[in-house]
file structure_12.tsv (TSV, C-alpha atoms and all ligand atoms)
chain	number	residue	atom	x	y	z
A	1	MET	CA	0.00	0.00	0.00
A	2	THR	CA	1.31	3.46	-0.86
A	3	GLN	CA	2.04	5.59	2.17
A	4	ARG	CA	-0.61	8.10	3.18
A	5	ILE	CA	0.70	11.59	3.74
A	6	SER	CA	-1.37	13.62	6.17
A	7	LEU	CA	-1.72	17.40	6.04
A	8	THR	CA	0.36	17.53	9.24
A	9	ARG	CA	3.21	15.61	7.63
A	10	TYR	CA	3.02	17.67	4.43
A	11	LEU	CA	3.28	20.87	6.49
A	12	VAL	CA	6.12	19.53	8.66
A	13	GLU	CA	8.02	18.68	5.47
A	14	GLN	CA	7.29	22.11	4.00
A	15	GLN	CA	8.80	23.53	7.18
A	16	ARG	CA	11.74	21.17	7.71
A	17	VAL	CA	12.83	19.99	4.29
A	18	HIS	CA	11.84	22.85	1.99
A	19	GLY	CA	12.15	25.68	4.52
A	20	HIS	CA	9.01	27.25	3.06
A	21	ILE	CA	7.06	27.94	6.21
A	22	PRO	CA	7.89	28.80	9.80
A	23	SER	CA	6.36	26.64	12.55
A	24	GLU	CA	3.89	29.39	13.53
A	25	LEU	CA	2.42	29.40	10.03
A	26	ARG	CA	2.24	25.62	10.04
A	27	LEU	CA	0.22	25.73	13.26
A	28	LEU	CA	-2.05	28.40	11.84
A	29	ILE	CA	-2.85	26.31	8.75
A	30	GLU	CA	-3.53	23.26	10.93
A	31	VAL	CA	-5.98	25.26	13.02
A	32	VAL	CA	-7.78	26.56	9.91
A	33	ALA	CA	-8.01	22.96	8.66
A	34	ARG	CA	-9.46	21.86	12.01
A	35	ALA	CA	-12.07	24.61	11.79
A	36	CYS	CA	-12.95	23.47	8.27
A	37	LYS	CA	-13.52	19.94	9.59
A	38	ARG	CA	-16.00	21.33	12.09
A	39	ILE	CA	-17.76	23.38	9.41
A	40	SER	CA	-17.86	20.28	7.21
A	41	ILE	CA	-19.64	18.36	10.00
A	42	SER	CA	-22.31	21.10	10.29
A	43	VAL	CA	-22.75	21.28	6.51
A	44	ASN	CA	-23.16	17.49	6.34
A	45	LYS	CA	-25.84	17.46	9.04
A	46	GLY	CA	-27.99	19.92	7.08
A	47	ALA	CA	-31.60	19.89	8.18
A	48	LEU	CA	-30.79	17.35	10.94
A	49	GLY	CA	-28.49	19.86	12.61
A	50	ASP	CA	-30.94	22.75	12.33
A	51	VAL	CA	-28.32	24.71	10.36
A	52	LEU	CA	-30.31	25.53	7.22
A	53	GLY	CA	-32.19	28.75	6.48
A	54	ALA	CA	-31.75	32.43	7.17
A	55	ALA	CA	-30.05	33.81	10.26
A	56	GLY	CA	-32.35	36.84	10.17
A	57	THR	CA	-29.41	39.28	9.96
A	58	ASP	CA	-27.60	41.19	7.19
A	59	ASN	CA	-23.83	41.35	6.76
A	60	VAL	CA	-21.78	44.48	6.07
A	61	GLN	CA	-22.47	44.19	2.33
A	62	GLY	CA	-26.22	44.25	3.00
A	63	GLU	CA	-26.61	40.57	2.08
A	64	ALA	CA	-28.96	38.37	4.12
A	65	GLN	CA	-26.89	35.97	6.22
A	66	LYS	CA	-27.64	32.27	6.34
A	67	LYS	CA	-27.36	30.35	9.61
A	68	LEU	CA	-24.34	28.54	8.20
A	69	ASP	CA	-22.62	31.84	7.28
A	70	VAL	CA	-22.82	32.82	10.94
A	71	ILE	CA	-21.88	29.37	12.29
A	72	ALA	CA	-18.85	29.06	9.98
A	73	ASN	CA	-17.67	32.55	10.94
A	74	GLU	CA	-17.90	31.69	14.66
A	75	VAL	CA	-16.13	28.37	14.22
A	76	LEU	CA	-13.20	30.06	12.46
A	77	ILE	CA	-12.87	32.73	15.13
A	78	ASP	CA	-13.21	30.31	18.08
A	79	ALA	CA	-10.62	27.96	16.60
A	80	ASN	CA	-8.07	30.65	15.76
A	81	GLU	CA	-8.19	33.28	18.48
A	82	TRP	CA	-6.36	31.48	21.31
A	83	GLY	CA	-3.47	29.78	19.50
A	84	GLY	CA	-1.01	32.67	19.75
A	85	HIS	CA	-0.18	32.73	16.03
A	86	LEU	CA	-2.57	35.51	14.99
A	87	ALA	CA	-2.77	39.26	15.55
A	88	ALA	CA	-6.21	39.72	13.97
A	89	MET	CA	-8.79	38.32	11.57
A	90	ALA	CA	-11.05	39.79	8.91
A	91	SER	CA	-14.11	38.15	7.42
A	92	GLU	CA	-16.56	38.77	4.61
A	93	GLU	CA	-19.25	38.47	7.29
A	94	MET	CA	-17.87	41.08	9.74
A	95	GLU	CA	-17.76	44.83	9.28
A	96	GLY	CA	-14.43	45.54	10.99
A	97	ILE	CA	-11.38	43.48	11.85
A	98	TYR	CA	-11.42	41.10	14.83
A	99	VAL	CA	-8.36	41.75	16.98
A	100	VAL	CA	-7.21	38.79	19.09
A	101	PRO	CA	-8.39	39.62	22.67
A	102	ASN	CA	-5.80	40.68	25.26
A	103	ARG	CA	-6.25	37.49	27.27
A	104	TYR	CA	-4.47	35.56	24.50
A	105	PRO	CA	-0.93	36.02	23.15
A	106	GLN	CA	-0.63	38.08	19.95
A	107	GLY	CA	1.04	36.49	16.93
A	108	GLU	CA	2.42	38.01	13.76
A	109	TYR	CA	-0.09	36.76	11.20
A	110	LEU	CA	-3.36	38.10	9.82
A	111	LEU	CA	-6.08	35.71	8.69
A	112	LEU	CA	-8.80	36.66	6.19
A	113	PHE	CA	-11.71	34.46	5.20
A	114	ASP	CA	-14.98	34.03	3.41
A	115	PRO	CA	-16.39	31.56	5.96
A	116	LEU	CA	-19.01	30.08	3.66
A	117	ASP	CA	-18.72	30.83	-0.01
A	118	GLY	CA	-21.63	30.01	-2.28
A	119	SER	CA	-24.31	30.61	0.37
A	120	SER	CA	-27.09	30.49	-2.23
A	121	ASN	CA	-26.29	26.79	-2.69
A	122	ILE	CA	-26.61	25.70	0.96
A	123	GLU	CA	-30.28	24.69	0.89
A	124	VAL	CA	-30.07	23.04	-2.53
A	125	ASN	CA	-27.30	20.68	-1.38
A	126	VAL	CA	-24.74	21.89	-3.91
A	127	SER	CA	-21.02	22.31	-3.10
A	128	ILE	CA	-20.01	25.28	-0.95
A	129	GLY	CA	-16.74	26.11	0.79
A	130	THR	CA	-14.49	28.19	3.02
A	131	ILE	CA	-11.84	30.44	1.42
A	132	PHE	CA	-8.87	31.77	3.41
A	133	SER	CA	-5.81	33.95	2.97
A	134	VAL	CA	-2.89	34.60	5.32
A	135	LEU	CA	-0.78	37.77	5.45
A	136	LYS	CA	2.01	38.86	7.76
A	137	LYS	CA	1.40	41.84	9.98
A	138	PRO	CA	3.69	44.66	8.77
A	139	GLU	CA	6.67	45.26	11.07
A	140	ASN	CA	5.67	48.79	12.03
A	141	GLY	CA	1.92	48.25	11.72
A	142	GLY	CA	-0.88	49.39	14.03
A	143	PRO	CA	-0.86	52.08	16.72
A	144	HIS	CA	1.12	51.26	19.93
A	145	GLY	CA	2.29	47.92	18.55
A	146	GLY	CA	-1.35	46.92	18.01
A	147	VAL	CA	-3.04	46.05	14.77
A	148	SER	CA	-5.32	48.12	12.55
A	149	GLU	CA	-7.40	47.68	9.42
A	150	GLN	CA	-4.62	49.42	7.48
A	151	ASP	CA	-2.32	46.45	8.21
A	152	PHE	CA	-4.63	44.22	6.15
A	153	LEU	CA	-4.48	46.42	3.05
A	154	GLN	CA	-1.67	44.50	1.36
A	155	SER	CA	-1.72	43.27	-2.22
A	156	GLY	CA	-2.34	39.56	-2.88
A	157	SER	CA	1.32	39.10	-3.85
A	158	LYS	CA	2.12	39.43	-0.12
A	159	GLN	CA	0.09	36.35	0.87
A	160	VAL	CA	2.09	33.68	2.71
A	161	ALA	CA	-0.60	30.98	2.53
A	162	ALA	CA	-3.97	30.68	0.82
A	163	GLY	CA	-6.52	28.02	0.16
A	164	TYR	CA	-10.06	26.81	0.37
A	165	CYS	CA	-11.97	23.84	1.70
A	166	ILE	CA	-14.77	22.59	-0.52
A	167	TYR	CA	-17.73	20.80	1.07
A	168	GLY	CA	-19.00	18.63	-1.76
A	169	PRO	CA	-19.32	14.90	-2.47
A	170	GLN	CA	-15.91	14.89	-0.78
A	171	THR	CA	-14.48	17.49	1.60
A	172	THR	CA	-11.21	18.66	0.07
A	173	LEU	CA	-8.71	21.20	1.37
A	174	VAL	CA	-6.72	22.94	-1.37
A	175	LEU	CA	-3.62	24.81	-0.25
A	176	THR	CA	-0.64	26.83	-1.39
A	177	VAL	CA	2.25	28.15	0.67
A	178	GLY	CA	4.02	29.34	-2.48
A	179	ASP	CA	5.32	25.91	-3.48
A	180	GLY	CA	2.63	24.79	-5.93
A	181	VAL	CA	-0.86	23.62	-5.08
A	182	ALA	CA	-1.70	20.52	-3.04
A	183	MET	CA	-5.08	18.89	-2.38
A	184	PHE	CA	-6.04	16.95	0.75
A	185	THR	CA	-9.17	14.84	0.99
A	186	LEU	CA	-10.86	14.52	4.38
A	187	ASP	CA	-10.97	10.95	5.63
A	188	SER	CA	-14.01	11.50	7.82
A	189	GLN	CA	-13.63	8.15	9.60
A	190	GLU	CA	-10.10	8.97	10.71
A	191	GLY	CA	-10.78	12.69	10.94
A	192	SER	CA	-7.66	13.64	8.99
A	193	PHE	CA	-6.86	15.38	5.72
A	194	VAL	CA	-4.83	13.11	3.43
A	195	LEU	CA	-2.70	14.33	0.51
A	196	THR	CA	-4.43	13.20	-2.69
A	197	GLU	CA	-2.99	15.55	-5.35
A	198	GLU	CA	0.32	17.36	-5.50
A	199	ASP	CA	1.75	19.85	-7.98
A	200	VAL	CA	-1.70	20.57	-9.45
A	201	ARG	CA	-1.42	22.02	-13.00
A	202	ILE	CA	-4.06	23.87	-15.02
A	203	PRO	CA	-3.87	23.21	-18.77
A	204	GLU	CA	-2.99	26.41	-20.67
A	205	ASP	CA	-5.81	25.95	-23.17
A	206	THR	CA	-9.44	25.03	-22.60
A	207	ARG	CA	-12.82	24.64	-24.25
A	208	GLU	CA	-14.83	25.38	-21.12
A	209	PHE	CA	-15.95	28.72	-19.69
A	210	ALA	CA	-17.79	29.66	-16.49
A	211	ILE	CA	-19.79	32.89	-16.30
A	212	ASN	CA	-23.30	33.82	-15.20
A	213	MET	CA	-24.84	34.11	-18.69
A	214	SER	CA	-27.98	35.81	-17.37
A	215	ASN	CA	-25.90	38.99	-17.02
A	216	LEU	CA	-24.93	39.04	-20.69
A	217	ARG	CA	-26.86	42.22	-21.46
A	218	HIS	CA	-24.98	44.06	-18.70
A	219	TRP	CA	-21.42	43.14	-19.72
A	220	ASP	CA	-18.76	45.39	-21.14
A	221	ALA	CA	-17.74	44.98	-24.82
A	222	PRO	CA	-14.52	42.93	-24.25
A	223	VAL	CA	-16.31	40.24	-22.20
A	224	ARG	CA	-19.22	40.17	-24.65
A	225	ARG	CA	-16.77	39.73	-27.54
A	226	TYR	CA	-14.94	36.85	-25.81
A	227	ILE	CA	-18.16	34.96	-25.00
A	228	ASP	CA	-19.66	35.63	-28.45
A	229	GLU	CA	-16.55	34.10	-30.01
A	230	CYS	CA	-16.79	31.02	-27.75
A	231	LEU	CA	-20.49	30.61	-28.57
A	232	ALA	CA	-19.78	30.80	-32.32
A	233	GLY	CA	-18.11	27.38	-31.93
A	234	LYS	CA	-16.02	25.67	-34.54
A	235	ASP	CA	-17.31	27.81	-37.39
A	236	GLY	CA	-16.39	31.02	-35.52
A	237	PRO	CA	-13.03	32.77	-35.03
A	238	ARG	CA	-11.93	30.31	-32.32
A	239	GLY	CA	-12.41	27.29	-34.59
A	240	LYS	CA	-13.62	25.04	-31.76
A	241	ASP	CA	-16.75	24.33	-29.74
A	242	PHE	CA	-16.93	25.47	-26.11
A	243	ASN	CA	-18.80	24.00	-23.16
A	244	MET	CA	-20.23	26.03	-20.26
A	245	ARG	CA	-20.47	25.42	-16.50
A	246	TRP	CA	-21.72	27.74	-13.74
A	247	VAL	CA	-22.18	26.35	-10.23
A	248	ALA	CA	-22.55	29.79	-8.57
A	249	SER	CA	-20.16	28.70	-5.82
A	250	MET	CA	-16.75	30.14	-6.64
A	251	VAL	CA	-15.06	27.32	-4.70
A	252	ALA	CA	-16.74	24.72	-6.92
A	253	ASP	CA	-16.07	26.59	-10.17
A	254	VAL	CA	-12.40	27.15	-9.25
A	255	HIS	CA	-12.06	23.56	-8.05
A	256	ARG	CA	-13.19	22.35	-11.47
A	257	ILE	CA	-10.67	24.64	-13.15
A	258	LEU	CA	-7.83	23.38	-10.94
A	259	THR	CA	-8.91	19.84	-11.77
A	260	ARG	CA	-9.42	20.02	-15.55
A	261	GLY	CA	-8.86	23.60	-16.73
A	262	GLY	CA	-11.28	26.28	-17.88
A	263	ILE	CA	-11.85	29.98	-17.48
A	264	PHE	CA	-13.94	31.64	-14.73
A	265	MET	CA	-15.25	35.19	-15.00
A	266	TYR	CA	-17.23	37.43	-12.72
A	267	PRO	CA	-16.62	40.71	-14.57
A	268	TRP	CA	-17.70	44.24	-13.82
A	269	ASP	CA	-21.18	44.86	-15.23
A	270	LYS	CA	-23.62	47.72	-15.70
A	271	ARG	CA	-26.02	46.68	-12.93
A	272	GLU	CA	-23.91	48.44	-10.30
A	273	PRO	CA	-21.54	50.61	-12.37
A	274	GLU	CA	-19.92	52.21	-9.33
A	275	LYS	CA	-18.73	48.81	-8.03
A	276	PRO	CA	-15.66	47.24	-9.69
A	277	GLY	CA	-17.27	43.77	-9.54
A	278	LYS	CA	-19.24	41.42	-7.30
A	279	LEU	CA	-16.49	39.32	-5.76
A	280	ARG	CA	-14.34	40.45	-2.88
A	281	LEU	CA	-10.65	41.12	-3.48
A	282	MET	CA	-9.33	40.12	-0.06
A	283	TYR	CA	-11.50	37.07	0.72
A	284	GLU	CA	-12.11	35.58	-2.72
A	285	ALA	CA	-10.04	36.99	-5.61
A	286	ASN	CA	-6.61	37.11	-3.91
A	287	PRO	CA	-6.55	33.59	-2.44
A	288	MET	CA	-8.10	32.05	-5.57
A	289	GLY	CA	-5.85	34.14	-7.83
A	290	TRP	CA	-2.72	32.94	-6.05
A	291	LEU	CA	-3.83	29.28	-6.13
A	292	VAL	CA	-4.53	29.54	-9.86
A	293	GLU	CA	-1.15	31.18	-10.55
A	294	GLN	CA	0.61	28.56	-8.44
A	295	ALA	CA	-1.00	25.91	-10.68
A	296	GLY	CA	0.28	27.58	-13.85
A	297	GLY	CA	-2.86	29.59	-14.64
A	298	ALA	CA	-3.48	33.35	-14.63
A	299	ALA	CA	-5.78	35.77	-12.80
A	300	THR	CA	-6.53	39.37	-13.79
A	301	ASN	CA	-9.21	42.00	-13.32
A	302	GLY	CA	-9.22	42.52	-17.10
A	303	ARG	CA	-6.40	45.03	-16.98
A	304	GLU	CA	-3.92	43.99	-14.33
A	305	ARG	CA	-2.87	40.95	-12.36
A	306	ILE	CA	-5.24	40.45	-9.41
A	307	LEU	CA	-2.31	39.92	-7.05
A	308	ASP	CA	-0.93	43.37	-7.95
A	309	VAL	CA	-4.13	45.25	-7.07
A	310	GLN	CA	-3.44	47.51	-4.08
A	311	PRO	CA	-6.52	47.27	-1.81
A	312	LYS	CA	-7.93	50.56	-0.52
A	313	LYS	CA	-10.49	49.03	1.83
A	314	LEU	CA	-11.15	45.73	3.54
A	315	HIS	CA	-14.33	44.79	1.69
A	316	GLU	CA	-13.15	45.99	-1.71
A	317	ARG	CA	-14.70	44.32	-4.74
A	318	VAL	CA	-12.99	43.41	-7.98
A	319	SER	CA	-13.67	42.09	-11.46
A	320	VAL	CA	-12.32	38.53	-11.75
A	321	ILE	CA	-11.01	36.60	-14.77
A	322	LEU	CA	-9.02	33.49	-13.88
A	323	GLY	CA	-8.04	30.03	-15.06
A	324	SER	CA	-6.29	28.59	-18.13
A	325	LYS	CA	-3.46	30.97	-19.00
A	326	ASN	CA	-3.99	31.46	-22.73
A	327	GLU	CA	-7.71	32.19	-22.33
A	328	VAL	CA	-7.18	34.66	-19.47
A	329	GLU	CA	-4.51	36.43	-21.53
A	330	ARG	CA	-6.92	36.61	-24.47
A	331	VAL	CA	-9.74	38.21	-22.44
A	332	THR	CA	-7.25	40.59	-20.82
A	333	SER	CA	-5.90	41.62	-24.23
A	334	TYR	CA	-9.47	42.37	-25.38
A	335	HIS	CA	-9.64	44.88	-22.49
A	336	THR	CA	-6.25	46.45	-22.95
A	337	LYS	CA	-5.78	46.62	-26.75
U	1	LIG	P1	-21.12	34.60	-1.35
U	1	LIG	O1	-19.72	34.74	-0.85
U	1	LIG	O2	-22.06	35.56	-0.65
U	1	LIG	O3	-21.61	33.22	-1.37
U	1	LIG	O4	-21.13	35.19	-2.88
U	1	LIG	C1	-20.13	34.83	-3.79
U	1	LIG	C2	-20.66	33.86	-4.83
U	1	LIG	C3	-19.55	33.15	-5.55
U	1	LIG	O5	-19.24	31.98	-4.89
U	1	LIG	C4	-20.15	32.88	-6.90
U	1	LIG	O6	-19.17	32.80	-7.92
U	1	LIG	C5	-21.06	34.06	-7.12
U	1	LIG	O7	-21.37	34.58	-5.83
U	1	LIG	C6	-22.33	33.68	-7.82
U	1	LIG	O8	-23.06	34.84	-8.07
U	1	LIG	P2	-24.40	34.83	-8.97
U	1	LIG	O9	-25.47	34.27	-8.08
U	1	LIG	O10	-24.60	36.28	-9.29
U	1	LIG	O11	-24.15	33.99	-10.18
U	2	MG	MG	-18.01	34.27	-1.26
call {"tool": "encode", "arguments": {"input": "structure_12.tsv", "output": "structure tokens"}}
result
Amino acid sequence: MTQRISLTRYLVEQQRVHGHIPSELRLLIEVVARACKRISISVNKGALGDVLGAAGTDNVQGEAQKKLDVIANEVLIDANEWGGHLAAMASEEMEGIYVVPNRYPQGEYLLLFDPLDGSSNIEVNVSIGTIFSVLKKPENGGPHGGVSEQDFLQSGSKQVAAGYCIYGPQTTLVLTVGDGVAMFTLDSQEGSFVLTEEDVRIPEDTREFAINMSNLRHWDAPVRRYIDECLAGKDGPRGKDFNMRWVASMVADVHRILTRGGIFMYPWDKREPEKPGKLRLMYEANPMGWLVEQAGGAATNGRERILDVQPKKLHERVSVILGSKNEVERVTSYHTK
């Protein structure tokens, strides 16, 4: 039997053999993984665990929160606040940052998360997930040695770890610490994440796109042109037929792209012209953008690399185009030329 490599062992080797991560960061990732296991258990219980339905509250973006949005957010905070590796956390579901309380030691890392991505799919039993991103607190950050929202406003290129956990037919944790992308499947009987895919690569070309087609009439000309050319099929300028997928859970759409290639787009559109896009830069675009780049793909906002976007506020939104390199470069060139 081939040897099973647990997440713990993978991380220890990243620390010891490859020198990629300090022990504090290793601990942090293990704690996030533990929280994801707990979220996975709640998701699996569904109606039996009384976790479905609305929480009766709105989040900072004015979106109605689901019970599981709130539960997942609490699980991540409870699991991470006491370990001593974090200075503060920020979440799609919380207005301001959550500074680690004084009763616990303060660490040097900042954790950002979308606790439950794809909330509209919870009740319909379709894959959802948790997305996370880890930054280092700047050396001279925060007043009086503390931590402030300003410390979080670092570009995605500064991430030291990023990943997501998808709760689907299997629960899979997908991770990068800057040394490629690895996937770990949860063995729920043993309660451990086991390495099932290493050095994940996204093919440079694809015949599959993911976009919410119902917004077609609101798109900008470059996106419209790209999709029109795909739809024209083998008799059109692309000379090949394209297939379409749209799960409406970014974790599931990105997971498919990491598994077999494709392009994912949630572009700016005319519905809310003042907003740069729907998806959040810090909780969704940056971690997913880094994972995709680490797997040989590309991620842009149509004009520049997502990871180079300098955030101006915590809940900033961004236009997202990511996946197979040649397709992302094509759409980007339609915007810039
Ligand atoms: P959420 O974080 O509130 O769940 O919203 C983000 C989700 C993404 O996972 C997904 O790509 C997108 O919203 C789907 O949006 P739409 O319903 O407009 O297609
Ligand atoms: Mg989300």
call {"tool": "residues_near_ligand", "arguments": {"input": "structure_12.tsv", "ligand": "ligand LIG 1 (chain U)", "cutoff": "9 Å", "atoms": "all atoms listed in the file", "output": "PDB file with C-alpha atoms, in the frame of the given file"}}
result
ATOM      1  CA  GLU A  63     -26.610  40.570   2.080  1.00  0.00           C
ATOM      2  CA  ALA A  64     -28.960  38.370   4.120  1.00  0.00           C
ATOM      3  CA  GLN A  65     -26.890  35.970   6.220  1.00  0.00           C
ATOM      4  CA  ASP A  69     -22.620  31.840   7.280  1.00  0.00           C
ATOM      5  CA  GLU A  92     -16.560  38.770   4.610  1.00  0.00           C
ATOM      6  CA  GLU A  93     -19.250  38.470   7.290  1.00  0.00           C
ATOM      7  CA  ASP A 114     -14.980  34.030   3.410  1.00  0.00           C
ATOM      8  CA  PRO A 115     -16.390  31.560   5.960  1.00  0.00           C
ATOM      9  CA  LEU A 116     -19.010  30.080   3.660  1.00  0.00           C
ATOM     10  CA  ASP A 117     -18.720  30.830  -0.010  1.00  0.00           C
ATOM     11  CA  GLY A 118     -21.630  30.010  -2.280  1.00  0.00           C
ATOM     12  CA  SER A 119     -24.310  30.610   0.370  1.00  0.00           C
ATOM     13  CA  SER A 120     -27.090  30.490  -2.230  1.00  0.00           C
ATOM     14  CA  ASN A 121     -26.290  26.790  -2.690  1.00  0.00           C
ATOM     15  CA  ILE A 128     -20.010  25.280  -0.950  1.00  0.00           C
ATOM     16  CA  GLY A 129     -16.740  26.110   0.790  1.00  0.00           C
ATOM     17  CA  ILE A 211     -19.790  32.890 -16.300  1.00  0.00           C
ATOM     18  CA  ASN A 212     -23.300  33.820 -15.200  1.00  0.00           C
ATOM     19  CA  MET A 213     -24.840  34.110 -18.690  1.00  0.00           C
ATOM     20  CA  SER A 214     -27.980  35.810 -17.370  1.00  0.00           C
ATOM     21  CA  ASN A 215     -25.900  38.990 -17.020  1.00  0.00           C
ATOM     22  CA  TRP A 246     -21.720  27.740 -13.740  1.00  0.00           C
ATOM     23  CA  VAL A 247     -22.180  26.350 -10.230  1.00  0.00           C
ATOM     24  CA  ALA A 248     -22.550  29.790  -8.570  1.00  0.00           C
ATOM     25  CA  SER A 249     -20.160  28.700  -5.820  1.00  0.00           C
ATOM     26  CA  MET A 250     -16.750  30.140  -6.640  1.00  0.00           C
ATOM     27  CA  VAL A 251     -15.060  27.320  -4.700  1.00  0.00           C
ATOM     28  CA  ALA A 252     -16.740  24.720  -6.920  1.00  0.00           C
ATOM     29  CA  ASP A 253     -16.070  26.590 -10.170  1.00  0.00           C
ATOM     30  CA  VAL A 254     -12.400  27.150  -9.250  1.00  0.00           C
ATOM     31  CA  PHE A 264     -13.940  31.640 -14.730  1.00  0.00           C
ATOM     32  CA  MET A 265     -15.250  35.190 -15.000  1.00  0.00           C
ATOM     33  CA  TYR A 266     -17.230  37.430 -12.720  1.00  0.00           C
ATOM     34  CA  LYS A 278     -19.240  41.420  -7.300  1.00  0.00           C
ATOM     35  CA  LEU A 279     -16.490  39.320  -5.760  1.00  0.00           C
ATOM     36  CA  ARG A 280     -14.340  40.450  -2.880  1.00  0.00           C
ATOM     37  CA  TYR A 283     -11.500  37.070   0.720  1.00  0.00           C
ATOM     38  CA  GLU A 284     -12.110  35.580  -2.720  1.00  0.00           C
TER      39      GLU A 284
END
call {"tool": "residues_near_point", "arguments": {"input": "structure_12.tsv", "point": "(-27.9, 23.8, 10.5)", "cutoff": "12 Å", "atoms": "all atoms listed in the file", "output": "PyMOL selection string"}}
result
chain A and resi 39-55+66-72+122-123
call {"tool": "residues_around", "arguments": {"input": "structure_12.tsv", "residues": "stretch 189-206 of chain A", "least_positions_apart": "5", "cutoff": "7 Å", "atoms": "only C-alpha atoms", "output": "PDB file with C-alpha atoms, in the frame of the given file"}}
result
ATOM      1  CA  ARG A   4      -0.610   8.100   3.180  1.00  0.00           C
ATOM      2  CA  ILE A   5       0.700  11.590   3.740  1.00  0.00           C
ATOM      3  CA  SER A   6      -1.370  13.620   6.170  1.00  0.00           C
ATOM      4  CA  LEU A   7      -1.720  17.400   6.040  1.00  0.00           C
ATOM      5  CA  GLY A 180       2.630  24.790  -5.930  1.00  0.00           C
ATOM      6  CA  VAL A 181      -0.860  23.620  -5.080  1.00  0.00           C
ATOM      7  CA  ALA A 182      -1.700  20.520  -3.040  1.00  0.00           C
ATOM      8  CA  MET A 183      -5.080  18.890  -2.380  1.00  0.00           C
ATOM      9  CA  PHE A 184      -6.040  16.950   0.750  1.00  0.00           C
ATOM     10  CA  ILE A 257     -10.670  24.640 -13.150  1.00  0.00           C
ATOM     11  CA  LEU A 258      -7.830  23.380 -10.940  1.00  0.00           C
ATOM     12  CA  ARG A 260      -9.420  20.020 -15.550  1.00  0.00           C
ATOM     13  CA  GLY A 261      -8.860  23.600 -16.730  1.00  0.00           C
ATOM     14  CA  GLY A 262     -11.280  26.280 -17.880  1.00  0.00           C
ATOM     15  CA  ALA A 295      -1.000  25.910 -10.680  1.00  0.00           C
ATOM     16  CA  GLY A 296       0.280  27.580 -13.850  1.00  0.00           C
ATOM     17  CA  GLY A 297      -2.860  29.590 -14.640  1.00  0.00           C
ATOM     18  CA  SER A 324      -6.290  28.590 -18.130  1.00  0.00           C
ATOM     19  CA  LYS A 325      -3.460  30.970 -19.000  1.00  0.00           C
ATOM     20  CA  ASN A 326      -3.990  31.460 -22.730  1.00  0.00           C
ATOM     21  CA  GLU A 327      -7.710  32.190 -22.330  1.00  0.00           C
TER      22      GLU A 327
END
call {"tool": "closest_residue", "arguments": {"input": "structure_12.tsv", "among": "A:Thr332, A:Asn243, A:Gln61, A:Gln3", "to": "ligand MG 2 (chain U)", "atoms": "only C-alpha atoms and all ligand atoms"}}
result
A:Gln61
call {"tool": "closest_residue", "arguments": {"input": "structure_12.tsv", "among": "A:Val124, A:Ala299, A:Ile131, A:Val60", "to": "A:Gly96", "atoms": "only C-alpha atoms"}}
result
A:Val60
call {"tool": "atom_distance", "arguments": {"input": "structure_12.tsv", "atom1": "atom CA of A:Leu25", "atom2": "atom CA of A:Tyr104"}}
result
17.2 Å
call {"tool": "closest_residue", "arguments": {"input": "structure_12.tsv", "among": "A:Ile321, A:Met282, A:Val292, A:Leu307", "to": "ligand MG 2 (chain U)", "atoms": "all atoms listed in the file"}}
result
A:Met282
call {"tool": "residues_near_point", "arguments": {"input": "structure_12.tsv", "point": "(-8.4, 29.3, 0.2)", "cutoff": "10 Å", "atoms": "all atoms listed in the file", "output": "VMD selection string"}}
result
chain A and resid 112 to 114 129 to 134 161 to 166 173 to 176 251 283 to 291
call {"tool": "closest_residue", "arguments": {"input": "structure_12.tsv", "among": "A:Pro138, A:Gly19, A:Gly83, A:Gly178", "to": "A:Leu110", "atoms": "only C-alpha atoms"}}
result
A:Pro138
call {"tool": "atom_distance", "arguments": {"input": "structure_12.tsv", "atom1": "atom CA of A:Leu86", "atom2": "atom CA of A:His18"}}
result
23.2 Å
call {"tool": "atom_distance", "arguments": {"input": "structure_12.tsv", "atom1": "atom CA of A:Thr185", "atom2": "atom CA of A:Thr171"}}
result
6.0 Å
call {"tool": "closest_residue", "arguments": {"input": "structure_12.tsv", "among": "A:Ala33, A:Gln154, A:Leu135, A:Arg207", "to": "A:Gly239", "atoms": "all atoms listed in the file"}}
result
A:Arg207
call {"tool": "closest_residue", "arguments": {"input": "structure_12.tsv", "among": "A:Asp241, A:Glu139, A:Glu149, A:Asp269", "to": "A:Glu108", "atoms": "only C-alpha atoms"}}
result
A:Glu139
call {"tool": "residues_around", "arguments": {"input": "structure_12.tsv", "residues": "A:Ala79", "least_positions_apart": "6", "cutoff": "8 Å", "atoms": "all atoms listed in the file", "output": "JSON, numbers by chain"}}
result
{"A": [31, 32, 34, 35]}
call {"tool": "build_atoms", "arguments": {"input": "structure_12.tsv", "residues": "stretch 206-210 of chain A", "atoms": "N, CA and C atoms", "output": "PDB file, in the coordinates of the input"}}
result
ATOM      1  N   THR A 206      -8.201  25.663 -23.082  1.00  0.00           N
ATOM      2  CA  THR A 206      -9.440  25.030 -22.600  1.00  0.00           C
ATOM      3  C   THR A 206     -10.552  25.241 -23.615  1.00  0.00           C
ATOM      4  N   ARG A 207     -11.597  24.456 -23.460  1.00  0.00           N
ATOM      5  CA  ARG A 207     -12.820  24.640 -24.250  1.00  0.00           C
ATOM      6  C   ARG A 207     -13.999  24.811 -23.311  1.00  0.00           C
ATOM      7  N   GLU A 208     -13.745  25.290 -22.093  1.00  0.00           N
ATOM      8  CA  GLU A 208     -14.830  25.380 -21.120  1.00  0.00           C
ATOM      9  C   GLU A 208     -14.788  26.746 -20.415  1.00  0.00           C
ATOM     10  N   PHE A 209     -15.900  27.433 -20.393  1.00  0.00           N
ATOM     11  CA  PHE A 209     -15.950  28.720 -19.690  1.00  0.00           C
ATOM     12  C   PHE A 209     -17.040  28.703 -18.627  1.00  0.00           C
ATOM     13  N   ALA A 210     -16.830  29.545 -17.591  1.00  0.00           N
ATOM     14  CA  ALA A 210     -17.790  29.660 -16.490  1.00  0.00           C
ATOM     15  C   ALA A 210     -18.104  31.131 -16.287  1.00  0.00           C
TER      16      ALA A 210
END
